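The next block is target03.cif, given as mmCIF, C-alpha atoms.
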data_input
#
loop_
_atom_site.group_PDB
_atom_site.id
_atom_site.type_symbol
_atom_site.label_atom_id
_atom_site.label_comp_id
_atom_site.auth_asym_id
_atom_site.auth_seq_id
_atom_site.Cartn_x
_atom_site.Cartn_y
_atom_site.Cartn_z
ATOM 1 C CA MET A 1 -2.604 -22.055 -14.085
ATOM 2 C CA PHE A 2 1.044 -20.916 -13.973
ATOM 3 C CA LYS A 3 -0.027 -17.368 -13.166
ATOM 4 C CA ASP A 4 -1.822 -18.513 -10.018
ATOM 5 C CA ARG A 5 1.201 -20.550 -8.960
ATOM 6 C CA LEU A 6 3.353 -17.465 -9.363
ATOM 7 C CA TYR A 7 1.478 -15.759 -6.508
ATOM 8 C CA LEU A 8 1.714 -18.864 -4.344
ATOM 9 C CA TYR A 9 5.478 -18.957 -4.977
ATOM 10 C CA MET A 10 5.660 -15.290 -4.063
ATOM 11 C CA ILE A 11 3.937 -15.988 -0.732
ATOM 12 C CA ILE A 12 6.336 -18.868 -0.038
ATOM 13 C CA ILE A 13 9.396 -16.742 -0.895
ATOM 14 C CA LEU A 14 8.216 -13.905 1.376
ATOM 15 C CA LEU A 15 7.532 -16.436 4.131
ATOM 16 C CA CYS A 16 11.014 -17.951 3.758
ATOM 17 C CA ILE A 17 12.677 -14.517 3.879
ATOM 18 C CA ASP A 18 10.694 -13.688 7.016
ATOM 19 C CA ILE A 19 11.568 -16.961 8.749
ATOM 20 C CA ALA A 20 15.250 -16.669 7.807
ATOM 21 C CA SER A 21 15.477 -13.040 8.955
ATOM 22 C CA LYS A 22 13.806 -13.803 12.293
ATOM 23 C CA GLN A 23 16.095 -16.795 12.838
ATOM 24 C CA ALA A 24 19.146 -14.658 12.039
ATOM 25 C CA ALA A 25 17.926 -12.025 14.508
ATOM 26 C CA LEU A 26 17.469 -14.675 17.210
ATOM 27 C CA ASN A 27 20.941 -16.095 16.572
ATOM 28 C CA LEU A 28 22.853 -12.827 16.208
ATOM 29 C CA LEU A 29 21.148 -10.256 18.427
ATOM 30 C CA THR A 30 20.808 -9.851 22.169
ATOM 31 C CA GLN A 31 17.364 -8.895 23.409
ATOM 32 C CA GLY A 32 17.123 -5.246 24.443
ATOM 33 C CA THR A 33 20.462 -4.200 22.919
ATOM 34 C CA SER A 34 20.429 -1.773 19.999
ATOM 35 C CA GLN A 35 22.913 -2.067 17.127
ATOM 36 C CA SER A 36 23.315 0.353 14.237
ATOM 37 C CA PHE A 37 22.254 -1.123 10.916
ATOM 38 C CA ILE A 38 21.375 1.464 8.276
ATOM 39 C CA PRO A 39 20.294 5.110 8.606
ATOM 40 C CA PHE A 40 16.930 5.294 10.387
ATOM 41 C CA ILE A 41 16.902 1.564 11.232
ATOM 42 C CA ASP A 42 18.727 -0.116 14.087
ATOM 43 C CA LEU A 43 18.680 -3.778 15.017
ATOM 44 C CA PHE A 44 16.816 -4.267 18.297
ATOM 45 C CA LEU A 45 15.518 -7.712 19.262
ATOM 46 C CA THR A 46 12.200 -7.746 21.061
ATOM 47 C CA PHE A 47 9.151 -9.988 21.298
ATOM 48 C CA ASN A 48 5.638 -8.774 20.560
ATOM 49 C CA SER A 49 2.440 -10.484 21.715
ATOM 50 C CA GLY A 50 0.261 -7.861 20.004
ATOM 51 C CA VAL A 51 -0.352 -7.086 16.353
ATOM 52 C CA ALA A 52 1.849 -5.207 13.884
ATOM 53 C CA PHE A 53 4.319 -2.698 15.327
ATOM 54 C CA GLY A 54 3.518 -3.652 18.944
ATOM 55 C CA PHE A 55 -0.096 -2.449 18.827
ATOM 56 C CA LEU A 56 -2.296 -4.231 21.407
ATOM 57 C CA ASP A 57 0.722 -5.885 23.059
ATOM 58 C CA PHE A 58 -0.609 -6.761 26.511
ATOM 59 C CA GLY A 59 1.840 -9.608 27.125
ATOM 60 C CA GLU A 60 -0.957 -12.133 27.740
ATOM 61 C CA ARG A 61 -1.015 -15.541 26.061
ATOM 62 C CA LEU A 62 -4.823 -15.719 25.885
ATOM 63 C CA PHE A 63 -5.048 -12.426 24.022
ATOM 64 C CA SER A 64 -2.187 -13.505 21.769
ATOM 65 C CA ASN A 65 -4.039 -16.749 20.966
ATOM 66 C CA ILE A 66 -7.187 -14.786 20.121
ATOM 67 C CA LEU A 67 -5.120 -12.579 17.801
ATOM 68 C CA MET A 68 -3.651 -15.704 16.209
ATOM 69 C CA VAL A 69 -7.112 -17.163 15.488
ATOM 70 C CA VAL A 70 -8.275 -13.828 14.060
ATOM 71 C CA GLY A 71 -5.076 -13.710 11.993
ATOM 72 C CA ILE A 72 -5.714 -17.183 10.604
ATOM 73 C CA LEU A 73 -9.271 -16.233 9.627
ATOM 74 C CA ILE A 74 -8.032 -13.047 7.940
ATOM 75 C CA PHE A 75 -5.312 -15.011 6.151
ATOM 76 C CA LEU A 76 -7.871 -17.507 4.814
ATOM 77 C CA TYR A 77 -10.078 -14.656 3.641
ATOM 78 C CA LEU A 78 -7.087 -13.006 1.924
ATOM 79 C CA LEU A 79 -6.329 -16.287 0.136
ATOM 80 C CA TYR A 80 -9.935 -16.331 -1.067
ATOM 81 C CA LEU A 81 -9.594 -12.729 -2.307
ATOM 82 C CA LEU A 82 -6.340 -13.637 -4.045
ATOM 83 C CA LYS A 83 -8.013 -16.563 -5.795
ATOM 84 C CA GLU A 84 -10.954 -14.418 -6.936
ATOM 85 C CA GLU A 85 -8.918 -11.349 -7.964
ATOM 86 C CA SER A 86 -8.309 -10.842 -11.674
ATOM 87 C CA VAL A 87 -6.010 -7.781 -11.629
ATOM 88 C CA PRO A 88 -2.336 -8.893 -11.465
ATOM 89 C CA SER A 89 -1.137 -5.856 -9.488
ATOM 90 C CA LYS A 90 -3.802 -6.484 -6.834
ATOM 91 C CA LYS A 91 -2.784 -10.156 -6.743
ATOM 92 C CA ILE A 92 0.792 -9.044 -6.042
ATOM 93 C CA ALA A 93 -0.399 -6.763 -3.230
ATOM 94 C CA LEU A 94 -2.513 -9.551 -1.717
ATOM 95 C CA SER A 95 0.458 -11.935 -1.997
ATOM 96 C CA PHE A 96 2.603 -9.506 0.020
ATOM 97 C CA ILE A 97 -0.073 -9.303 2.705
ATOM 98 C CA CYS A 98 -0.566 -13.095 2.751
ATOM 99 C CA GLY A 99 3.174 -13.800 2.954
ATOM 100 C CA GLY A 100 3.610 -11.398 5.856
ATOM 101 C CA ALA A 101 0.504 -12.573 7.671
ATOM 102 C CA LEU A 102 1.541 -16.214 7.396
ATOM 103 C CA GLY A 103 5.038 -15.373 8.636
ATOM 104 C CA ASN A 104 3.722 -13.710 11.783
ATOM 105 C CA ILE A 105 1.103 -16.420 12.380
ATOM 106 C CA LEU A 106 3.705 -19.192 12.220
ATOM 107 C CA ASP A 107 6.078 -17.196 14.452
ATOM 108 C CA ARG A 108 3.335 -16.726 17.058
ATOM 109 C CA VAL A 109 2.335 -20.407 17.307
ATOM 110 C CA PRO A 110 5.077 -21.782 19.635
ATOM 111 C CA ASP A 111 5.112 -19.133 22.385
ATOM 112 C CA GLY A 112 2.493 -16.478 21.617
ATOM 113 C CA PHE A 113 5.061 -13.897 20.544
ATOM 114 C CA VAL A 114 6.303 -12.520 17.246
ATOM 115 C CA THR A 115 10.005 -11.719 16.841
ATOM 116 C CA ASP A 116 10.612 -8.064 15.970
ATOM 117 C CA PHE A 117 14.093 -6.705 15.309
ATOM 118 C CA LEU A 118 14.026 -3.703 12.952
ATOM 119 C CA HIS A 119 13.810 -0.477 14.967
ATOM 120 C CA LEU A 120 12.695 2.547 12.961
ATOM 121 C CA LYS A 121 13.952 5.731 14.560
ATOM 122 C CA ILE A 122 14.961 9.194 13.468
ATOM 123 C CA ASN A 123 17.475 10.982 15.688
ATOM 124 C CA ASP A 124 16.241 10.245 19.201
ATOM 125 C CA PHE A 125 12.621 9.648 18.218
ATOM 126 C CA SER A 126 11.596 5.991 18.221
ATOM 127 C CA PHE A 127 8.725 5.020 15.942
ATOM 128 C CA PHE A 128 8.364 1.238 16.293
ATOM 129 C CA VAL A 129 10.103 -2.113 16.100
ATOM 130 C CA PHE A 130 8.938 -4.429 13.335
ATOM 131 C CA ASN A 131 9.981 -7.410 11.230
ATOM 132 C CA PHE A 132 10.028 -8.406 7.561
ATOM 133 C CA ALA A 133 6.472 -9.792 7.777
ATOM 134 C CA ASP A 134 5.168 -6.458 9.084
ATOM 135 C CA ALA A 135 6.959 -4.690 6.237
ATOM 136 C CA SER A 136 5.429 -7.095 3.695
ATOM 137 C CA ILE A 137 1.944 -6.513 5.074
ATOM 138 C CA SER A 138 2.476 -2.746 4.991
ATOM 139 C CA ILE A 139 3.818 -2.782 1.426
ATOM 140 C CA GLY A 140 0.840 -4.854 0.292
ATOM 141 C CA ALA A 141 -1.645 -2.602 2.091
ATOM 142 C CA VAL A 142 -0.123 0.583 0.660
ATOM 143 C CA LEU A 143 -0.183 -0.957 -2.820
ATOM 144 C CA ILE A 144 -3.859 -1.961 -2.445
ATOM 145 C CA ILE A 145 -4.774 1.543 -1.268
ATOM 146 C CA TYR A 146 -2.810 3.122 -4.123
ATOM 147 C CA LEU A 147 -4.449 0.870 -6.705
ATOM 148 C CA GLU A 148 -7.930 1.541 -5.327
ATOM 149 C CA LEU A 149 -7.462 5.313 -5.181
ATOM 150 C CA PHE A 150 -5.442 6.063 -8.295
ATOM 151 C CA LYS A 151 -5.639 3.117 -10.677
ATOM 152 C CA LYS A 152 -9.307 2.312 -10.470
ATOM 153 C CA ASP A 153 -11.087 1.779 -13.776
ATOM 154 C CA HIS A 154 -13.409 4.770 -14.013
ATOM 155 C CA ALA A 155 -15.242 3.331 -17.028
ATOM 156 C CA ASN A 156 -17.475 1.285 -14.716
#

Full structure transcribed into structure tokens:
Amino acid sequence: MFKDRLYLYMIIILLCIDIASKQAALNLLTQGTSQSFIPFIDLFLTFNSGVAFGFLDFGERLFSNILMVVGILIFLYLLYLLKEESVPSKKIALSFICGGALGNILDRVPDGFVTDFLHLKINDFSFFVFNFADASISIGAVLIIYLELFKKDHAN
């Protein structure tokens, strides 16, 4: 029982970090103004009505609401997978994805937009602007892919 709670706590912690980081960005940054942060990442406040990293951002509330409903359905399915999964490392990966997904869903509810503020760029080449939730989802997805490709039990 405690093991399953551990993953729920992990989701809640990731959600809290995401909410706190987005609130800090809203309080401390000016939209459209870039500030140096660490090498390769600047702080750049923007609002995204699409999915991760600005993909499918059409700026329309209806489309954003559709994405939110799809996101909720995916989140519920991920919770089901987390409950059914028996491998702890896969549970951790699913927890990262769930925490990030929930963070972006809750951020989208009031106005149809997700707050992005971490701008990945190298020299003068801009890759994308993202947030902690996007990073959590990406970390979880990479971990799932890694586990499926390289740590799969070949005895079966």

12 Å contact set for Ser36 (chain A), all atoms listed in the file, chain neighbours under 5 positions out, as a ChimeraX atom specification: /A:29,41-44,117-121

The PyMOL selection byres ((chain A and resi 19) around 12) resolved against shown file, as a PyMOL selection string: chain A and resi 12-18+20-26+99-108+114-116+131-133

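Distances here use only C-alpha atoms; by that measure, the residue among A:Ser95, A:Asn27, A:Asn65, A:Asn48 closest to Val129 (chain A) is A:Asn48.
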
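Distance annotation: of A:Ile66, A:Ile11, A:Leu28, A:Leu6, the residue with the minimal separation from Gly140 (chain A) is A:Ile11; atom set is only C-alpha atoms.
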
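When CA of Leu149 (chain A) is paired with CA of Glu85 (chain A), their separation reads 17.0 Å.
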
Quick one: region 20-51 of chain A with N, CA and C atoms, as a PDB file, in the first residue's frame?
ATOM      1  N   ALA A  20       4.222  26.115  -8.636  1.00  0.00           N
ATOM      2  CA  ALA A  20       5.066  27.148  -8.021  1.00  0.00           C
ATOM      3  C   ALA A  20       5.965  27.826  -9.061  1.00  0.00           C
ATOM      4  N   SER A  21       6.529  27.039  -9.976  1.00  0.00           N
ATOM      5  CA  SER A  21       7.421  27.629 -10.981  1.00  0.00           C
ATOM      6  C   SER A  21       6.645  28.516 -11.957  1.00  0.00           C
ATOM      7  N   LYS A  22       5.448  28.107 -12.332  1.00  0.00           N
ATOM      8  CA  LYS A  22       4.627  28.930 -13.222  1.00  0.00           C
ATOM      9  C   LYS A  22       4.188  30.217 -12.518  1.00  0.00           C
ATOM     10  N   GLN A  23       3.844  30.114 -11.244  1.00  0.00           N
ATOM     11  CA  GLN A  23       3.446  31.307 -10.495  1.00  0.00           C
ATOM     12  C   GLN A  23       4.619  32.269 -10.353  1.00  0.00           C
ATOM     13  N   ALA A  24       5.808  31.731 -10.088  1.00  0.00           N
ATOM     14  CA  ALA A  24       7.005  32.575 -10.003  1.00  0.00           C
ATOM     15  C   ALA A  24       7.270  33.265 -11.338  1.00  0.00           C
ATOM     16  N   ALA A  25       7.116  32.524 -12.437  1.00  0.00           N
ATOM     17  CA  ALA A  25       7.313  33.118 -13.760  1.00  0.00           C
ATOM     18  C   ALA A  25       6.308  34.246 -14.002  1.00  0.00           C
ATOM     19  N   LEU A  26       5.059  34.028 -13.631  1.00  0.00           N
ATOM     20  CA  LEU A  26       4.036  35.066 -13.815  1.00  0.00           C
ATOM     21  C   LEU A  26       4.327  36.302 -12.973  1.00  0.00           C
ATOM     22  N   ASN A  27       4.855  36.097 -11.775  1.00  0.00           N
ATOM     23  CA  ASN A  27       5.130  37.219 -10.873  1.00  0.00           C
ATOM     24  C   ASN A  27       6.421  37.961 -11.210  1.00  0.00           C
ATOM     25  N   LEU A  28       7.401  37.262 -11.766  1.00  0.00           N
ATOM     26  CA  LEU A  28       8.733  37.850 -11.916  1.00  0.00           C
ATOM     27  C   LEU A  28       9.119  38.208 -13.345  1.00  0.00           C
ATOM     28  N   LEU A  29       8.438  37.670 -14.325  1.00  0.00           N
ATOM     29  CA  LEU A  29       8.829  37.887 -15.715  1.00  0.00           C
ATOM     30  C   LEU A  29       7.822  38.755 -16.446  1.00  0.00           C
ATOM     31  N   THR A  30       8.314  39.442 -17.463  1.00  0.00           N
ATOM     32  CA  THR A  30       7.465  40.241 -18.339  1.00  0.00           C
ATOM     33  C   THR A  30       7.296  39.484 -19.646  1.00  0.00           C
ATOM     34  N   GLN A  31       6.069  39.353 -20.100  1.00  0.00           N
ATOM     35  CA  GLN A  31       5.806  38.596 -21.315  1.00  0.00           C
ATOM     36  C   GLN A  31       6.594  39.167 -22.488  1.00  0.00           C
ATOM     37  N   GLY A  32       7.245  38.269 -23.233  1.00  0.00           N
ATOM     38  CA  GLY A  32       7.965  38.669 -24.441  1.00  0.00           C
ATOM     39  C   GLY A  32       9.369  39.196 -24.212  1.00  0.00           C
ATOM     40  N   THR A  33       9.822  39.273 -22.977  1.00  0.00           N
ATOM     41  CA  THR A  33      11.160  39.771 -22.668  1.00  0.00           C
ATOM     42  C   THR A  33      12.032  38.610 -22.219  1.00  0.00           C
ATOM     43  N   SER A  34      13.180  38.455 -22.879  1.00  0.00           N
ATOM     44  CA  SER A  34      14.090  37.358 -22.570  1.00  0.00           C
ATOM     45  C   SER A  34      15.102  37.778 -21.515  1.00  0.00           C
ATOM     46  N   GLN A  35      15.351  36.871 -20.559  1.00  0.00           N
ATOM     47  CA  GLN A  35      16.361  37.095 -19.524  1.00  0.00           C
ATOM     48  C   GLN A  35      17.268  35.881 -19.458  1.00  0.00           C
ATOM     49  N   SER A  36      18.574  36.116 -19.362  1.00  0.00           N
ATOM     50  CA  SER A  36      19.511  35.006 -19.234  1.00  0.00           C
ATOM     51  C   SER A  36      19.257  34.270 -17.931  1.00  0.00           C
ATOM     52  N   PHE A  37      19.383  32.945 -17.984  1.00  0.00           N
ATOM     53  CA  PHE A  37      19.153  32.121 -16.809  1.00  0.00           C
ATOM     54  C   PHE A  37      20.350  31.201 -16.589  1.00  0.00           C
ATOM     55  N   ILE A  38      20.470  30.190 -17.398  1.00  0.00           N
ATOM     56  CA  ILE A  38      21.630  29.297 -17.378  1.00  0.00           C
ATOM     57  C   ILE A  38      22.025  29.060 -18.830  1.00  0.00           C
ATOM     58  N   PRO A  39      23.233  28.539 -19.080  1.00  0.00           N
ATOM     59  CA  PRO A  39      23.608  28.289 -20.484  1.00  0.00           C
ATOM     60  C   PRO A  39      22.546  27.442 -21.187  1.00  0.00           C
ATOM     61  N   PHE A  40      22.178  27.846 -22.356  1.00  0.00           N
ATOM     62  CA  PHE A  40      21.208  27.185 -23.230  1.00  0.00           C
ATOM     63  C   PHE A  40      19.755  27.429 -22.832  1.00  0.00           C
ATOM     64  N   ILE A  41      19.486  27.994 -21.666  1.00  0.00           N
ATOM     65  CA  ILE A  41      18.100  28.264 -21.279  1.00  0.00           C
ATOM     66  C   ILE A  41      17.974  29.703 -20.779  1.00  0.00           C
ATOM     67  N   ASP A  42      17.090  30.434 -21.424  1.00  0.00           N
ATOM     68  CA  ASP A  42      16.723  31.776 -20.991  1.00  0.00           C
ATOM     69  C   ASP A  42      15.323  31.721 -20.400  1.00  0.00           C
ATOM     70  N   LEU A  43      14.979  32.748 -19.650  1.00  0.00           N
ATOM     71  CA  LEU A  43      13.622  32.892 -19.144  1.00  0.00           C
ATOM     72  C   LEU A  43      12.862  33.768 -20.134  1.00  0.00           C
ATOM     73  N   PHE A  44      11.733  33.276 -20.617  1.00  0.00           N
ATOM     74  CA  PHE A  44      10.949  33.981 -21.623  1.00  0.00           C
ATOM     75  C   PHE A  44       9.486  33.605 -21.430  1.00  0.00           C
ATOM     76  N   LEU A  45       8.715  34.497 -20.842  1.00  0.00           N
ATOM     77  CA  LEU A  45       7.312  34.224 -20.527  1.00  0.00           C
ATOM     78  C   LEU A  45       6.447  34.305 -21.782  1.00  0.00           C
ATOM     79  N   THR A  46       5.716  33.229 -22.008  1.00  0.00           N
ATOM     80  CA  THR A  46       4.769  33.195 -23.118  1.00  0.00           C
ATOM     81  C   THR A  46       3.607  32.282 -22.731  1.00  0.00           C
ATOM     82  N   PHE A  47       2.541  32.338 -23.504  1.00  0.00           N
ATOM     83  CA  PHE A  47       1.356  31.546 -23.211  1.00  0.00           C
ATOM     84  C   PHE A  47       1.017  30.686 -24.422  1.00  0.00           C
ATOM     85  N   ASN A  48       0.767  29.415 -24.180  1.00  0.00           N
ATOM     86  CA  ASN A  48       0.631  28.421 -25.228  1.00  0.00           C
ATOM     87  C   ASN A  48      -0.763  27.793 -25.154  1.00  0.00           C
ATOM     88  N   SER A  49      -1.515  27.887 -26.255  1.00  0.00           N
ATOM     89  CA  SER A  49      -2.832  27.246 -26.280  1.00  0.00           C
ATOM     90  C   SER A  49      -2.773  25.871 -26.940  1.00  0.00           C
ATOM     91  N   GLY A  50      -1.576  25.469 -27.384  1.00  0.00           N
ATOM     92  CA  GLY A  50      -1.404  24.170 -28.028  1.00  0.00           C
ATOM     93  C   GLY A  50      -0.965  23.111 -27.031  1.00  0.00           C
ATOM     94  N   VAL A  51      -0.251  22.124 -27.530  1.00  0.00           N
ATOM     95  CA  VAL A  51       0.277  21.060 -26.683  1.00  0.00           C
ATOM     96  C   VAL A  51       1.740  21.359 -26.391  1.00  0.00           C
TER      97      VAL A  51
END
